[in-house]
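Structure file model-v5.cif with mmCIF, C-alpha atoms:
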```
data_target
#
loop_
_atom_site.label_atom_id
_atom_site.label_comp_id
_atom_site.auth_asym_id
_atom_site.auth_seq_id
_atom_site.Cartn_x
_atom_site.Cartn_y
_atom_site.Cartn_z
CA MET A 1 3.34 8.65 -30.89
CA THR A 2 0.26 8.01 -33.00
CA THR A 3 -2.51 10.38 -34.01
CA THR A 4 -6.25 9.80 -34.16
CA PRO A 5 -7.79 9.61 -37.65
CA ASP A 6 -9.82 12.72 -38.46
CA THR A 7 -12.50 10.79 -40.36
CA ASP A 8 -14.11 7.37 -40.21
CA VAL A 9 -14.10 6.15 -43.82
CA VAL A 10 -12.35 7.45 -46.92
CA CYS A 11 -13.88 6.28 -50.21
CA LEU A 12 -11.81 6.61 -53.38
CA GLY A 13 -13.17 6.15 -56.88
CA GLU A 14 -14.89 7.68 -59.89
CA SER A 15 -18.34 9.17 -59.74
CA MET A 16 -20.26 10.19 -62.82
CA VAL A 17 -23.25 12.27 -63.69
CA THR A 18 -26.04 9.82 -64.49
CA PHE A 19 -28.85 10.49 -66.92
CA LEU A 20 -31.99 8.54 -66.09
CA PRO A 21 -34.79 8.17 -68.67
CA SER A 22 -38.00 10.09 -68.21
CA ARG A 23 -39.92 7.02 -69.37
CA PRO A 24 -39.23 3.34 -70.16
CA GLY A 25 -37.99 2.33 -73.58
CA PRO A 26 -34.87 2.15 -75.74
CA LEU A 27 -32.49 5.08 -75.55
CA ALA A 28 -33.39 6.00 -79.11
CA ASP A 29 -37.00 6.60 -78.03
CA VAL A 30 -36.47 8.38 -74.70
CA PRO A 31 -37.23 12.09 -75.21
CA SER A 32 -35.57 13.44 -72.06
CA PHE A 33 -33.52 12.45 -69.05
CA ASP A 34 -33.29 13.39 -65.40
CA ARG A 35 -29.86 14.14 -64.01
CA ALA A 36 -28.52 12.24 -61.00
CA ILE A 37 -25.18 11.05 -59.68
CA GLY A 38 -23.67 7.58 -59.70
CA GLY A 39 -20.54 5.94 -58.36
CA ALA A 40 -20.04 2.90 -56.14
CA GLU A 41 -17.54 4.55 -53.80
CA SER A 42 -19.37 7.85 -53.44
CA ASN A 43 -22.60 5.88 -52.84
CA VAL A 44 -20.93 4.22 -49.86
CA ALA A 45 -19.62 7.58 -48.61
CA CYS A 46 -23.04 9.24 -48.90
CA THR A 47 -24.82 6.38 -47.13
CA LEU A 48 -22.29 6.37 -44.29
CA ALA A 49 -22.50 10.13 -43.90
CA ARG A 50 -26.29 10.03 -43.75
CA ALA A 51 -25.98 7.30 -41.12
CA GLY A 52 -23.96 9.63 -38.90
CA HIS A 53 -20.38 8.70 -39.76
CA ARG A 54 -17.56 10.96 -40.94
CA ALA A 55 -17.00 10.11 -44.58
CA ARG A 56 -14.65 11.54 -47.19
CA TRP A 57 -14.73 11.06 -50.95
CA VAL A 58 -11.42 11.27 -52.87
CA SER A 59 -11.49 11.53 -56.65
CA ARG A 60 -10.89 13.78 -59.66
CA VAL A 61 -13.49 15.63 -61.74
CA GLY A 62 -13.27 18.05 -64.62
CA THR A 63 -13.47 21.82 -64.33
CA ASP A 64 -16.89 21.64 -65.93
CA GLY A 65 -20.48 21.98 -64.84
CA PHE A 66 -20.85 18.24 -64.38
CA GLY A 67 -17.90 18.24 -61.99
CA ASP A 68 -19.48 21.13 -60.09
CA HIS A 69 -22.73 19.18 -59.86
CA LEU A 70 -21.07 16.00 -58.57
CA VAL A 71 -19.07 17.73 -55.87
CA ARG A 72 -22.05 19.83 -54.77
CA GLU A 73 -24.47 16.88 -54.60
CA ILE A 74 -22.12 14.54 -52.78
CA ALA A 75 -21.20 17.26 -50.29
CA ALA A 76 -24.91 17.86 -49.70
CA HIS A 77 -25.12 14.35 -48.24
CA GLY A 78 -22.62 15.37 -45.57
CA VAL A 79 -19.53 13.95 -47.27
CA ASP A 80 -16.16 15.72 -47.03
CA THR A 81 -15.18 16.56 -50.63
CA THR A 82 -12.18 18.79 -49.88
CA ALA A 83 -9.75 16.22 -51.33
CA VAL A 84 -11.47 16.07 -54.73
CA GLU A 85 -9.07 17.43 -57.37
CA ARG A 86 -10.21 19.38 -60.45
CA ASP A 87 -8.64 18.44 -63.79
CA PRO A 88 -8.41 21.38 -66.23
CA VAL A 89 -7.91 19.11 -69.26
CA ARG A 90 -10.03 15.98 -68.80
CA PRO A 91 -13.84 15.95 -68.50
CA THR A 92 -16.12 14.54 -65.83
CA GLY A 93 -17.48 11.13 -66.80
CA ILE A 94 -21.17 10.71 -67.62
CA TYR A 95 -23.45 7.82 -68.51
CA PHE A 96 -26.97 7.15 -69.72
CA ARG A 97 -29.12 4.17 -68.91
CA THR A 98 -32.58 2.92 -69.74
CA ASP A 99 -35.29 2.10 -67.26
CA GLY A 100 -34.74 -1.59 -67.95
CA GLU A 101 -32.36 -1.92 -64.99
CA ARG A 102 -35.29 -1.45 -62.67
CA ALA A 103 -37.42 -4.39 -61.53
CA THR A 104 -40.71 -4.71 -63.39
CA GLY A 105 -42.73 -5.87 -60.38
CA ALA A 106 -42.98 -3.90 -57.13
CA ASP A 107 -44.48 -6.81 -55.17
CA SER A 108 -41.73 -9.34 -55.71
CA VAL A 109 -39.47 -10.51 -52.91
CA ALA A 110 -36.52 -10.55 -55.31
CA PRO A 111 -36.06 -8.49 -58.48
CA GLY A 112 -38.42 -9.84 -61.11
CA PRO A 113 -38.05 -10.04 -64.88
CA ARG A 114 -36.29 -7.06 -66.39
CA ALA A 115 -36.43 -5.45 -69.78
CA LEU A 116 -33.22 -5.50 -71.77
CA SER A 117 -31.23 -2.56 -70.44
CA GLU A 118 -28.91 -0.21 -72.25
CA VAL A 119 -26.08 1.58 -70.50
CA LEU A 120 -23.86 3.98 -72.40
CA TYR A 121 -20.72 5.17 -70.63
CA TYR A 122 -18.78 8.28 -71.66
CA ARG A 123 -15.87 7.87 -69.25
CA ALA A 124 -12.87 7.11 -71.46
CA GLY A 125 -10.20 9.71 -70.76
CA SER A 126 -12.18 11.12 -67.84
CA ALA A 127 -10.60 13.12 -65.06
CA ALA A 128 -10.97 10.22 -62.65
CA SER A 129 -9.22 7.81 -65.01
CA ALA A 130 -6.09 9.95 -64.56
CA MET A 131 -5.86 9.22 -60.83
CA SER A 132 -2.39 7.90 -59.98
CA PRO A 133 -0.01 7.56 -57.04
CA ALA A 134 1.53 10.86 -58.12
CA ASN A 135 -1.59 13.04 -58.01
CA VAL A 136 -3.77 11.57 -55.26
CA PRO A 137 -2.88 13.13 -51.89
CA SER A 138 -1.63 10.38 -49.58
CA ARG A 139 -2.50 12.23 -46.39
CA ALA A 140 -6.14 12.62 -47.46
CA VAL A 141 -6.42 8.96 -48.47
CA HIS A 142 -4.96 7.63 -45.22
CA ALA A 143 -6.90 9.99 -42.96
CA GLY A 144 -9.63 7.51 -41.97
CA GLN A 145 -10.01 4.37 -39.94
CA VAL A 146 -11.11 2.58 -43.12
CA LEU A 147 -10.17 3.13 -46.76
CA HIS A 148 -12.88 1.81 -49.09
CA LEU A 149 -12.02 0.85 -52.67
CA THR A 150 -13.67 -1.14 -55.45
CA GLY A 151 -12.50 -3.15 -58.44
CA ILE A 152 -14.08 -0.61 -60.78
CA THR A 153 -11.20 1.82 -60.28
CA ALA A 154 -8.61 -0.76 -61.28
CA ALA A 155 -10.22 -1.14 -64.71
CA LEU A 156 -10.19 2.57 -65.59
CA SER A 157 -6.52 2.94 -66.60
CA ALA A 158 -2.98 1.75 -65.94
CA ASP A 159 -2.47 4.77 -63.66
CA CYS A 160 -5.57 3.86 -61.65
CA LEU A 161 -4.37 0.28 -61.31
CA ALA A 162 -0.98 1.51 -60.11
CA LEU A 163 -2.78 3.61 -57.50
CA MET A 164 -4.87 0.65 -56.36
CA ARG A 165 -1.77 -1.50 -56.02
CA ALA A 166 -0.02 1.21 -54.04
CA LEU A 167 -2.97 1.56 -51.67
CA THR A 168 -3.29 -2.18 -51.04
CA SER A 169 0.38 -3.11 -50.88
CA ASP A 170 1.35 -1.43 -47.60
CA ARG A 171 0.01 -3.51 -44.69
CA THR A 172 2.17 -1.80 -42.04
CA PRO A 173 -0.10 -0.90 -39.08
CA ILE A 174 1.68 2.41 -38.41
CA GLY A 175 3.06 4.69 -41.11
CA THR A 176 6.44 6.40 -40.97
CA ASP A 177 4.73 9.62 -39.85
CA GLY A 178 3.15 7.90 -36.86
CA THR A 179 -0.30 7.78 -38.43
CA PRO A 180 -2.21 4.49 -38.14
CA ARG A 181 -2.76 2.85 -41.51
CA PRO A 182 -6.45 2.42 -42.28
CA LEU A 183 -8.08 -0.93 -42.77
CA VAL A 184 -8.47 -1.46 -46.51
CA SER A 185 -12.01 -2.38 -47.54
CA PHE A 186 -12.36 -3.76 -51.07
CA ASP A 187 -15.59 -4.50 -52.95
CA VAL A 188 -14.69 -6.72 -55.92
CA ASN A 189 -17.47 -5.23 -58.07
CA TYR A 190 -16.63 -7.33 -61.12
CA ARG A 191 -17.92 -5.44 -64.16
CA VAL A 192 -17.45 -7.69 -67.16
CA GLU A 193 -18.11 -5.05 -69.81
CA LEU A 194 -15.77 -2.56 -68.17
CA TRP A 195 -12.93 -5.07 -68.24
CA ARG A 196 -13.73 -5.98 -71.84
CA THR A 197 -13.50 -2.32 -72.76
CA ALA A 198 -10.20 -2.09 -70.90
CA ALA A 199 -8.89 -5.11 -72.78
CA ARG A 200 -9.80 -3.62 -76.15
CA SER A 201 -7.95 -0.42 -75.31
CA GLY A 202 -4.98 -2.16 -73.73
CA ALA A 203 -5.86 -3.68 -70.38
CA PRO A 204 -4.34 -2.19 -67.23
CA GLY A 205 -1.57 -4.31 -65.80
CA GLU A 206 0.96 -6.65 -67.32
CA PRO A 207 0.35 -8.19 -70.75
CA GLY A 208 -1.55 -11.44 -70.40
CA THR A 209 -3.03 -10.47 -67.03
CA SER A 210 -6.83 -10.62 -66.97
CA GLY A 211 -9.18 -8.40 -65.02
CA ALA A 212 -10.14 -11.40 -62.89
CA GLU A 213 -6.50 -11.92 -61.91
CA VAL A 214 -6.10 -8.24 -61.06
CA LEU A 215 -9.18 -8.33 -58.82
CA HIS A 216 -7.96 -11.46 -57.05
CA GLU A 217 -4.60 -9.82 -56.43
CA LEU A 218 -6.15 -6.69 -54.97
CA ALA A 219 -8.57 -8.68 -52.82
CA ARG A 220 -5.73 -10.78 -51.39
CA HIS A 221 -4.00 -7.59 -50.23
CA SER A 222 -7.06 -6.07 -48.55
CA ASP A 223 -8.34 -6.37 -44.98
CA ILE A 224 -12.11 -6.46 -45.57
CA VAL A 225 -13.40 -7.90 -48.84
CA PHE A 226 -16.93 -7.99 -50.28
CA VAL A 227 -17.65 -10.38 -53.14
CA GLY A 228 -20.79 -11.93 -54.54
CA GLU A 229 -21.00 -15.70 -54.87
CA ASP A 230 -21.93 -15.14 -58.52
CA GLU A 231 -18.96 -12.78 -58.98
CA ALA A 232 -16.54 -15.37 -57.63
CA ALA A 233 -17.92 -17.92 -60.08
CA ALA A 234 -17.80 -15.55 -63.05
CA ALA A 235 -14.38 -14.07 -62.34
CA TRP A 236 -12.46 -16.96 -60.80
CA GLY A 237 -14.52 -20.04 -61.62
CA VAL A 238 -15.07 -20.67 -57.90
CA THR A 239 -18.21 -22.66 -57.14
CA GLY A 240 -19.30 -24.68 -54.15
CA GLY A 241 -20.61 -22.00 -51.82
CA PRO A 242 -19.05 -19.42 -49.48
CA GLU A 243 -16.56 -21.92 -48.03
CA ALA A 244 -15.07 -22.48 -51.48
CA VAL A 245 -14.70 -18.72 -51.92
CA ARG A 246 -12.90 -18.52 -48.58
CA GLU A 247 -10.55 -21.30 -49.64
CA ALA A 248 -9.68 -19.27 -52.76
CA LEU A 249 -9.36 -16.02 -50.80
CA HIS A 250 -8.05 -16.79 -47.34
CA GLU A 251 -5.77 -13.75 -46.83
CA PRO A 252 -8.28 -11.00 -45.86
CA SER A 253 -9.02 -10.84 -42.14
CA VAL A 254 -12.71 -10.37 -43.00
CA LEU A 255 -14.34 -11.84 -46.11
CA VAL A 256 -18.03 -11.20 -46.80
CA VAL A 257 -19.58 -13.48 -49.40
CA LYS A 258 -22.91 -12.12 -50.65
CA GLN A 259 -25.38 -14.85 -51.59
CA GLY A 260 -28.10 -12.87 -53.34
CA ASP A 261 -31.54 -12.97 -51.75
CA ALA A 262 -30.44 -15.87 -49.51
CA GLY A 263 -28.20 -13.72 -47.35
CA ALA A 264 -24.47 -13.26 -46.70
CA THR A 265 -21.69 -15.13 -44.91
CA ALA A 266 -18.79 -13.39 -43.18
CA PHE A 267 -15.52 -15.17 -42.44
CA VAL A 268 -13.44 -13.63 -39.67
CA GLY A 269 -9.77 -14.31 -39.11
CA ASP A 270 -7.37 -16.25 -41.33
CA ALA A 271 -9.18 -19.51 -40.69
CA GLY A 272 -10.36 -20.31 -44.19
CA ALA A 273 -13.10 -22.93 -44.14
CA THR A 274 -11.62 -24.87 -41.22
CA GLY A 275 -14.07 -23.58 -38.65
CA GLU A 276 -11.41 -22.25 -36.31
CA ALA A 277 -12.19 -19.31 -34.06
CA GLY A 278 -11.76 -15.87 -35.61
CA ALA A 279 -10.72 -12.53 -34.17
CA ALA A 280 -11.78 -11.73 -30.60
CA GLY A 281 -13.40 -15.16 -30.20
CA GLU A 282 -15.78 -14.70 -33.13
CA THR A 283 -16.89 -17.81 -34.99
CA ALA A 284 -14.99 -18.08 -38.28
CA ALA A 285 -18.13 -18.27 -40.43
CA VAL A 286 -21.26 -16.24 -39.62
CA PHE A 287 -24.37 -16.35 -41.83
CA ALA A 288 -27.19 -13.80 -41.76
CA PRO A 289 -30.28 -14.33 -43.93
CA ALA A 290 -31.34 -11.48 -46.19
CA LEU A 291 -34.58 -9.63 -45.53
CA LYS A 292 -37.69 -10.08 -47.60
CA VAL A 293 -38.40 -6.80 -49.37
CA ASP A 294 -40.85 -5.40 -51.90
CA VAL A 295 -38.30 -4.39 -54.51
CA VAL A 296 -38.70 -1.06 -56.27
CA SER A 297 -35.19 -0.81 -57.74
CA PRO A 298 -32.10 -3.02 -57.36
CA VAL A 299 -29.69 -0.18 -58.15
CA GLY A 300 -27.29 0.68 -55.34
CA ALA A 301 -28.15 -2.22 -53.03
CA GLY A 302 -24.63 -3.66 -53.06
CA ASP A 303 -23.07 -0.32 -52.14
CA ALA A 304 -25.64 0.15 -49.38
CA PHE A 305 -24.86 -3.31 -47.99
CA ALA A 306 -21.14 -2.48 -47.84
CA ALA A 307 -21.93 0.82 -46.10
CA GLY A 308 -24.07 -0.96 -43.50
CA PHE A 309 -21.42 -3.58 -42.78
CA LEU A 310 -18.71 -0.92 -42.48
CA ALA A 311 -20.92 1.15 -40.19
CA GLY A 312 -21.26 -1.86 -37.90
CA THR A 313 -17.51 -2.44 -38.09
CA LEU A 314 -16.78 1.14 -37.04
CA ARG A 315 -19.08 0.69 -34.05
CA GLY A 316 -17.44 -2.57 -33.04
CA LEU A 317 -20.65 -4.59 -33.40
CA PRO A 318 -20.63 -8.40 -33.49
CA VAL A 319 -20.26 -9.84 -36.98
CA ARG A 320 -23.86 -11.04 -37.20
CA GLU A 321 -25.10 -7.54 -36.44
CA ARG A 322 -22.73 -6.04 -39.00
CA LEU A 323 -24.27 -8.34 -41.60
CA ARG A 324 -27.78 -7.45 -40.48
CA HIS A 325 -27.00 -3.73 -40.72
CA GLY A 326 -25.75 -4.44 -44.24
CA HIS A 327 -29.04 -6.14 -45.09
CA LEU A 328 -31.04 -3.25 -43.59
CA MET A 329 -29.10 -0.65 -45.62
CA ALA A 330 -29.58 -2.78 -48.74
CA ALA A 331 -33.31 -3.02 -47.99
CA ALA A 332 -33.50 0.77 -47.84
CA ALA A 333 -31.94 0.95 -51.32
CA LEU A 334 -34.11 -1.84 -52.75
CA THR A 335 -37.35 -0.22 -51.59
CA ASP A 336 -36.52 3.22 -52.99
CA ALA A 337 -36.63 4.34 -56.64
CA GLY A 338 -33.50 6.47 -56.33
CA ASP A 339 -29.88 5.37 -56.38
CA LEU A 340 -29.18 6.92 -52.96
CA ALA A 341 -31.92 5.98 -50.53
CA ALA A 342 -32.11 7.43 -47.04
CA PRO A 343 -30.85 4.83 -44.54
CA PRO A 344 -32.97 3.92 -41.51
CA ALA A 345 -32.36 5.91 -38.34
CA ARG A 346 -29.71 4.27 -36.16
CA GLU A 347 -32.14 3.45 -33.37
CA VAL A 348 -34.45 1.75 -35.87
CA ALA A 349 -31.62 -0.24 -37.44
CA ASP A 350 -30.26 -1.27 -34.03
CA ARG A 351 -33.69 -2.42 -32.92
CA LEU A 352 -34.27 -4.52 -36.00
CA ALA A 353 -30.73 -5.93 -36.02
CA ALA A 354 -31.28 -7.15 -32.45
CA LEU A 355 -34.40 -9.20 -33.28
CA ASP A 356 -34.36 -12.90 -32.59
CA ASP A 357 -33.90 -15.18 -35.60
CA GLU A 358 -37.60 -16.00 -35.93
CA SER A 359 -38.71 -12.36 -35.90
CA TRP A 360 -35.95 -11.39 -38.33
CA GLY A 361 -37.08 -14.13 -40.69
CA ARG A 362 -40.68 -12.89 -40.58
CA LEU A 363 -39.82 -9.29 -41.50
CA ARG A 364 -40.90 -7.94 -44.85
CA LEU A 365 -40.03 -4.35 -45.70
CA GLY A 366 -41.74 -2.19 -48.27
CA PRO A 367 -41.46 1.31 -49.75
CA GLY A 368 -41.40 4.02 -47.09
CA TRP A 369 -40.29 1.81 -44.22
CA THR A 370 -37.30 3.99 -43.36
CA ALA A 371 -39.53 7.06 -43.00
CA GLY A 372 -41.92 5.45 -40.53
CA GLY A 373 -39.66 5.61 -37.49
CA PRO A 374 -39.28 3.04 -34.73
CA GLN A 375 -43.03 2.55 -34.36
CA THR A 376 -43.61 1.35 -37.90
CA ALA A 377 -40.33 -0.02 -39.23
CA VAL A 378 -40.99 -3.49 -37.85
CA ALA A 379 -43.96 -3.93 -40.14
CA GLY A 380 -42.11 -2.43 -43.04
CA ARG A 381 -44.57 0.33 -43.85
CA ALA A 382 -44.96 4.01 -43.07
CA GLY A 383 -47.45 4.74 -40.32
CA ARG A 384 -49.82 7.58 -39.53
CA PRO A 385 -49.44 9.83 -36.49
CA GLY A 386 -50.96 8.19 -33.44
CA GLU A 387 -51.12 4.74 -35.03
CA GLN A 388 -50.28 1.90 -32.66
CA GLU A 389 -47.18 -0.17 -33.31
CA PRO A 390 -48.12 -3.04 -35.62
CA GLU A 391 -47.16 -6.66 -35.27
CA VAL A 392 -44.30 -8.11 -37.29
CA ARG A 393 -45.82 -9.09 -40.64
CA SER A 394 -45.40 -12.75 -41.53
CA VAL A 395 -44.91 -13.82 -45.13
#
```
For this file, write the structure as structure tokens.
Amino acid sequence: MTTTPDTDVVCLGESMVTFLPSRPGPLADVPSFDRAIGGAESNVACTLARAGHRARWVSRVGTDGFGDHLVREIAAHGVDTTAVERDPVRPTGIYFRTDGERATGADSVAPGPRALSEVLYYRAGSAASAMSPANVPSRAVHAGQVLHLTGITAALSADCLALMRALTSDRTPIGTDGTPRPLVSFDVNYRVELWRTAARSGAPGEPGTSGAEVLHELARHSDIVFVGEDEAAAAWGVTGGPEAVREALHEPSVLVVKQGDAGATAFVGDAGATGEAGAAGETAAVFAPALKVDVVSPVGAGDAFAAGFLAGTLRGLPVRERLRHGHLMAAAALTDAGDLAAPPAREVADRLAALDDESWGRLRLGPGWTAGGPQTAVAGRAGRPGEQEPEVRSV
């Protein structure tokens, strides 16, 4: 006898308190910072929760004020934080960054030239880096339909890597307790500097094993994988387009290859690049063009895309619509200055995702489009009360 999962998506990984500069410039010249939160996995959880799904964040934080702040803020987005453990010895991770990560032009379709950015992480020895198979509650992790992980966690410590391997190694559909095993979602999230730091301090994993090899291993043992075309080239030397990435990573039942501002291709079923039919009659390769957006900040767009695709997966939508929901969530993040933008209302997202190819290609979304409601989202701008629905804006 099986039981029904009590949540939709469980996201496991480190979140940190982020300090954002009060004005542009080198860190040495910034007089003050605004406090926020940052973490790929908790970003996905928050976005899913705000989109109406049951999301849980599993992690460890210190018994300090920063840990209190993280748990409180993430819970405020509607995320279940009851499985977050408090570490009495290790601190909560923090980091500082300059304004250089933000695009310099607000009218560009893709992020424009950027100032040289500085990011300083204070996460070595953090509470989250001590996550391991021994101290992360298995029941909490396996409570959802989907378990979402990223490659960032694997680089934090040997214990974290052991946990990641444990979570991706068991592909049995039903556990020994009768509980269905969740689908494992894995965002490669190749962070070169993080792996370099890990290598200097004694890289997680076996001697001689690179971060790229670790990420490939974890991806091969996951069910849904997100990877950028540029990531695949940088980590694994794979070039030649999405089909070449699928050839190098044919094990996942769903592989999503992100192609920057061109769009994304999803491969369904273990068909590789052969063009065979995927699961439930789906075409093996499905491409969805990205939306044209007036970029305010690129931060968090990848996490938002993953959240949108997973939201569509939970709802059983066709693959093309899952990709389009990913693009819409990413557009919400790109057109907002914060790291955690409000997603569009479901009815708005469904309406836009159902557009014909020509209308989808003519969309251009700008700041405030998610706040305008169904009557104004098509034009990508916030409307005034009583304003008639505008035409789709061509570019």
> Could you write out as a PyMOL selection string the residues that the PyMOL selection byres ((chain A and resi 12) around 7) matches in the shown file?
Replying inline: chain A and resi 10-11+13+41+57-59+148-149
> Which neighbours of Ala155 in chain A fall inside 8 Å, counting all atoms listed in the file, when residues of the same chain fewer than 3 positions from it are skipped, and could you give them as a list in words?
Replying inline: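 Using all atoms listed in the file, the neighbours found are Gly151, Ile152, Ala158, Cys160, Leu161, Leu194, Trp195, Ala198, Ala203, Pro204 and Gly211 of chain A.
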>> Please enumerate the residues selected by the PyMOL selection byres ((chain A and resi 218) around 10) when evaluated against the supplied file, formatted as a list in words.
In response: Leu149, Thr150, Gly151, Ala154, Leu161, Met164, Arg165, Leu167, Thr168, Ser169, Phe186, Asp187, Val188, Glu213, Val214, Leu215, His216, Glu217, Ala219, Arg220, His221, Ser222 and Val225 of chain A
> When distances are computed from only C-alpha atoms, which of A:Val299, A:Leu323, A:Ala140, A:Leu291 shows the smallest separation from Ala341 in chain A?
Replying inline: A:Val299
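The space between CA of Leu147 in chain A and CA of Ala311 in chain A spans 12.8 Å.
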>> Expand the PyMOL selection byres ((chain A and resi 337) around 7) into the explicit residue set it covers here, and present it as a PyMOL selection string.
In response: chain A and resi 296-297+335-336+338-339
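Residues lying within 12 Å of Val89 in chain A, counting all atoms listed in the file and ignoring same-chain neighbours fewer than 3 positions away, are A:Arg60, A:Val61, A:Gly62, A:Thr63, A:Asp64, A:Arg86, A:Thr92, A:Gly125, A:Ser126, A:Ala127, A:Ala128, A:Ala130.
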> Which of these residues is nearest to Ala262 in chain A, using all atoms listed in the file: A:Gly361, A:Leu183, A:Ala353, A:Pro318?
Replying inline: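 Looking at the shortest contact to Ala262 in chain A, the residue is A:Gly361.
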> Given the choices A:Phe305, A:Asp80, A:Ala199, A:Thr313, which gets closest to Val254 in chain A if the distance is worked out from all atoms listed in the file?
Replying inline: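 Ranked by minimum distance to Val254 in chain A, first place goes to A:Thr313.
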>> Env of range 93-99 of chain A: 7 Å cut, atoms = all atoms listed in the file, seq-sep filter 6 positions within chain, self excluded. Answer as a PyMOL selection string.
In response: chain A and resi 16-21+24-27+117-123+126
Would you place a box with edges along x, y and z of the file around all atoms of range 235-238 of chain A listed there, add 3 Å to each of its six sides, and report the centre and edge lengths in Å to one decimal, as lines of an AutoDock Vina configuration file?
```
center_x = -13.8
center_y = -17.4
center_z = -60.1
size_x = 8.6
size_y = 12.6
size_z = 10.4
```
>> Counting only C-alpha atoms, which residue out of A:Asp230, A:Ser185, A:Thr239, A:Asp350 sits closest to Ser253 in chain A?
In response: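 The answer is A:Ser185, which sits nearest to Ser253 in chain A.
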> In terms of the shortest atom-to-atom distance over all atoms listed in the file, which of A:Ala143, A:Ala264, A:Val44, A:Leu317 is closest to Pro180 in chain A?
Replying inline: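 Once distances to Pro180 in chain A are computed over all atoms listed in the file, the minimum belongs to A:Ala143.
The two atoms in question, CA of Arg54 in chain A and CA of Arg315 in chain A, are spaced 12.5 Å apart.
One distance worth recording is that between CA of Glu347 in chain A and CA of Cys46 in chain A, which is 18.9 Å.
Among the candidates A:Asp261, A:Asp303, A:Asp294, A:Asp34, the residue lying nearest to Arg364 in chain A is A:Asp294 (atoms considered: all atoms listed in the file).
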Quick one: residues within 10 Å of Val71 in chain A, all atoms listed in the file, excluding same-chain residues fewer than 2 positions away - as a PDB file with C-alpha atoms, in the frame of the given file?
```pdb
ATOM      1  CA  SER A  15     -18.340   9.170 -59.740  1.00  0.00           C
ATOM      2  CA  ILE A  37     -25.180  11.050 -59.680  1.00  0.00           C
ATOM      3  CA  TRP A  57     -14.730  11.060 -50.950  1.00  0.00           C
ATOM      4  CA  SER A  59     -11.490  11.530 -56.650  1.00  0.00           C
ATOM      5  CA  ARG A  60     -10.890  13.780 -59.660  1.00  0.00           C
ATOM      6  CA  VAL A  61     -13.490  15.630 -61.740  1.00  0.00           C
ATOM      7  CA  PHE A  66     -20.850  18.240 -64.380  1.00  0.00           C
ATOM      8  CA  GLY A  67     -17.900  18.240 -61.990  1.00  0.00           C
ATOM      9  CA  ASP A  68     -19.480  21.130 -60.090  1.00  0.00           C
ATOM     10  CA  HIS A  69     -22.730  19.180 -59.860  1.00  0.00           C
ATOM     11  CA  GLU A  73     -24.470  16.880 -54.600  1.00  0.00           C
ATOM     12  CA  ILE A  74     -22.120  14.540 -52.780  1.00  0.00           C
ATOM     13  CA  ALA A  75     -21.200  17.260 -50.290  1.00  0.00           C
ATOM     14  CA  ALA A  76     -24.910  17.860 -49.700  1.00  0.00           C
ATOM     15  CA  VAL A  79     -19.530  13.950 -47.270  1.00  0.00           C
ATOM     16  CA  ASP A  80     -16.160  15.720 -47.030  1.00  0.00           C
ATOM     17  CA  THR A  81     -15.180  16.560 -50.630  1.00  0.00           C
ATOM     18  CA  THR A  82     -12.180  18.790 -49.880  1.00  0.00           C
ATOM     19  CA  VAL A  84     -11.470  16.070 -54.730  1.00  0.00           C
TER      20      VAL A  84
END
```
> Near Ala49 in chain A, counting all atoms listed in the file, which residues have an atom at most 8 Å away, once you skip same-chain residues fewer than 4 positions from it, shown as a count of residues only?
Replying inline: 7
